[in-house]
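Trainee: This is the structure, below, for whatever I ask next.
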Amino acid sequence: MKTTQTIAIIGASGNMGAAISRSLAKGNYRLLLCANNLDKVQAVAEEIRNSNPGAEVEAADCTREASWEADIIIAAVPYAAEQEVAAKIREVANQKVVISIANPLNNTYDGLVTAPETSAAEELQKLLPNSKIVKAFNTTFAADFTTPVIDGRQADAFIAGNDEEALQTVSELVATAGFNPVIAGNLAVSGTLERMQLLLIQLNNKYNYNWLAGWKILHQSANLN
């Protein structure tokens, strides 16, 4: 029998953190929802319990304690907050999967604040050298979690990381959330994924997608005959 994994979602009261929490509550996971404002994260937990009475979900305001209990840690925070989060969880995140969802956007949404040769995920890996950093959920908008099938097509969600087992674990999370998981490559691909979302944000602002848009790889299936 498969053991229930515990997932700490840091920043669970934000738009993305709450969307991820609601989606993963559909799976066989124990969720520890963390945020600095306990009232806000308790409201998210209560909403999940009301809509999904069978969900195992708890609210917490101690990031370190929740991460210590967790098998998987999702840093659902902006890039500017990743350094602070890493400092809090460094001692308890050894050998654990830590998911970076951050896109290091500048204030005008016309570029990234990271250097061209790196990414938010790679910078987080430097801060947490003993953790298994995986890039995921950064190419999806919060609204997509409610509607992962857009115009009749299931949105792809791209994943990057250096640990094969961690990639498979995160692929299962992505599928539970309703997206088609696509393993894009090792952690160095994260820079490409972050630029993909920068472009999607720019297109949303230009064409008014109302934040309901996603990426889809259309391809010819291999001929097995």
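Identifiers in the structure tokens: chain A, B, ... in order shown; residue index from 1 per chain; ligand index from 1 in order shown.
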For Gln5 (chain A), work out the shell of residues within 7 Å, counting only C-alpha atoms and skipping chain neighbours fewer than 2 positions away, then give it as a PyMOL selection string.
Mentor: chain A and resi 3+7+29-30+71
Trainee: Write the selection just made, keeping C-alpha atoms, as a PDB file, in the first residue's frame?
Mentor:
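Saved as out-v5.pdb:
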ATOM      1  CA  THR A   3       2.299   5.652   1.898  1.00  0.00           C
ATOM      2  CA  ILE A   7       3.414  18.154   1.241  1.00  0.00           C
ATOM      3  CA  TYR A  29      -1.712  13.630   0.081  1.00  0.00           C
ATOM      4  CA  ARG A  30      -1.513  15.202   3.498  1.00  0.00           C
ATOM      5  CA  ASP A  71       8.250  14.746   2.245  1.00  0.00           C
TER       6      ASP A  71
END
Trainee: Write out as a PDB file with C-alpha atoms, in the first residue's frame all residues of region 32-224 of chain A that backbone DSSP assigns to strand (DSSP E or B).
Mentor:
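Final output, saved to selection-v6.pdb:
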ATOM      1  CA  LEU A  32       0.422  21.362   5.416  1.00  0.00           C
ATOM      2  CA  LEU A  33      -0.505  24.871   4.303  1.00  0.00           C
ATOM      3  CA  CYS A  34       1.898  27.575   5.475  1.00  0.00           C
ATOM      4  CA  GLU A  56      -6.283  15.806   4.873  1.00  0.00           C
ATOM      5  CA  VAL A  57      -5.242  19.437   5.236  1.00  0.00           C
ATOM      6  CA  GLU A  58      -3.831  21.530   8.077  1.00  0.00           C
ATOM      7  CA  ALA A  59      -2.885  25.200   8.410  1.00  0.00           C
ATOM      8  CA  ALA A  60       0.383  26.379   9.966  1.00  0.00           C
ATOM      9  CA  ILE A  72       7.827  17.387  -0.467  1.00  0.00           C
ATOM     10  CA  ILE A  73       8.086  21.169  -0.070  1.00  0.00           C
ATOM     11  CA  ILE A  74       6.494  23.599  -2.523  1.00  0.00           C
ATOM     12  CA  ALA A  75       7.887  27.129  -2.356  1.00  0.00           C
ATOM     13  CA  VAL A  97      12.094  17.471  -3.080  1.00  0.00           C
ATOM     14  CA  VAL A  98      11.691  21.259  -3.095  1.00  0.00           C
ATOM     15  CA  ILE A  99       9.604  22.749  -5.903  1.00  0.00           C
ATOM     16  CA  SER A 100      10.323  26.252  -7.181  1.00  0.00           C
ATOM     17  CA  LEU A 105      10.004  38.989 -13.319  1.00  0.00           C
ATOM     18  CA  LEU A 112      13.788  38.870 -15.805  1.00  0.00           C
ATOM     19  CA  LYS A 132      16.358  18.043  -4.830  1.00  0.00           C
ATOM     20  CA  ILE A 133      15.154  21.228  -6.514  1.00  0.00           C
ATOM     21  CA  VAL A 134      12.524  20.808  -9.231  1.00  0.00           C
ATOM     22  CA  LYS A 135      11.032  23.550 -11.377  1.00  0.00           C
ATOM     23  CA  VAL A 149      -8.612  22.040 -20.053  1.00  0.00           C
ATOM     24  CA  ILE A 150      -8.623  25.191 -22.182  1.00  0.00           C
ATOM     25  CA  ARG A 153      -7.104  20.852 -24.773  1.00  0.00           C
ATOM     26  CA  GLN A 154      -5.430  19.877 -21.521  1.00  0.00           C
ATOM     27  CA  ASP A 156       0.850  21.109 -20.472  1.00  0.00           C
ATOM     28  CA  ALA A 157       2.857  21.855 -17.332  1.00  0.00           C
ATOM     29  CA  PHE A 158       6.607  21.683 -17.712  1.00  0.00           C
ATOM     30  CA  ILE A 159       9.021  20.228 -15.190  1.00  0.00           C
ATOM     31  CA  ALA A 160      12.807  20.473 -14.907  1.00  0.00           C
ATOM     32  CA  GLY A 161      15.248  18.936 -12.459  1.00  0.00           C
ATOM     33  CA  ASN A 180      -0.331  17.061 -18.627  1.00  0.00           C
ATOM     34  CA  PRO A 181       3.176  16.769 -17.135  1.00  0.00           C
ATOM     35  CA  VAL A 182       6.065  17.292 -19.559  1.00  0.00           C
ATOM     36  CA  ILE A 183       9.588  16.679 -18.270  1.00  0.00           C
ATOM     37  CA  ALA A 184      11.537  19.327 -20.174  1.00  0.00           C
ATOM     38  CA  GLY A 185      15.052  18.470 -19.008  1.00  0.00           C
ATOM     39  CA  TRP A 215       1.107  26.112 -23.243  1.00  0.00           C
TER      40      TRP A 215
END
Trainee: Closest to Leu173 (chain A) among A:Ala155, A:Ala136, A:Val113, A:Ala81, using only C-alpha atoms?
Mentor: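 Between A:Ala155, A:Ala136, A:Val113, A:Ala81, the residue approaching Leu173 (chain A) most closely is A:Ala136.
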Trainee: From the set A:Thr118, A:Arg64, A:Gln83, A:Gly214, which residue has the shortest atom-to-atom contact distance to Asp144 (chain A), counting only C-alpha atoms?
Mentor: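 Going through A:Thr118, A:Arg64, A:Gln83, A:Gly214 one by one, the smallest distance to Asp144 (chain A) is for A:Gly214.
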